[in-house]
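S.K.: One structure follows; several queries about it will come next.
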Amino acid sequence: HYGKNIERMIAKAKTFDEKDKQEIYVQYLANYMKLVHNNWNKENVTDDIIRQDLKIMSKGTLELSSETELQTYRS
């Protein structure tokens, strides 16, 4: 339900050499994933689900810090 854009963004995130830039990009990516999930499913999703989906979709190479709070989207 995330679409090809998310797959492309995950591939792009894997190319960053600088950890700081990658972390910022992953945070934007996770926020976008949450927005897409909420739009597609018409329900709010938890940050933990987004973290888990990101880890699965990136085959464990990308992780979002458990301290990072994602944007809240209202459906």
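Residues in the structure tokens are numbered from 1 in each chain, the chains being A, B, ... in the order shown, and ligands are numbered from 1 in the order shown.
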Pick out the residues sitting within 12 Å of Gln71 in chain A, and hand them over as a list in words; count only C-alpha atoms, and ignore anything fewer than 3 positions along from it in its own chain.
M.R.: Gln27, Tyr28, Leu29, Ala30, Asn31, Tyr32, Met33, Lys34, Leu35, Asn38, Asn44, Val45, Thr46, Asp47, Ile50, Thr68 and Arg74 of chain A
S.K.: For CA of Thr15 in chain A and CA of Leu64 in chain A, quote the distance in Å rounded to one decimal.
M.R.: 16.2 Å
S.K.: Which residue gives the smallest distance to Glu23 in chain A among A:Gly60, A:Lys42, A:Ser65, A:Gln52, with only C-alpha atoms counted?
M.R.: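 Closest residue, counting only C-alpha atoms: A:Ser65.
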S.K.: With only C-alpha atoms as the atoms that count, which of A:Arg8, A:Gly3, A:Thr72, A:Lys14 lies nearest to Lys59 in chain A?
M.R.: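 Among the listed residues, the smallest separation from Lys59 in chain A belongs to A:Lys14.
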S.K.: Going by DSSP on the backbone, which residues of chain A come out as alpha helix (DSSP H)? List them as a ChimeraX atom specification.
M.R.: /A:4-13,19-41,47-57
S.K.: Would you mind reading off the distance between CA of Glu67 in chain A and CA of Lys4 in chain A, one decimal, in Å?
M.R.: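 Computing the Euclidean distance for CA of Glu67 in chain A and CA of Lys4 in chain A yields 27.3 Å.
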S.K.: Nearest residue to His37 in chain A out of A:Asp53, A:Ile24, A:Lys12, A:Ser58, using only C-alpha atoms?
M.R.: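 The closest residue to His37 in chain A is A:Asp53.
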S.K.: Which distance in Å separates CA of Arg51 in chain A and CA of Gln22 in chain A, to one decimal?
M.R.: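 Answer for the CA of Arg51 in chain A to CA of Gln22 in chain A separation: 15.1 Å.
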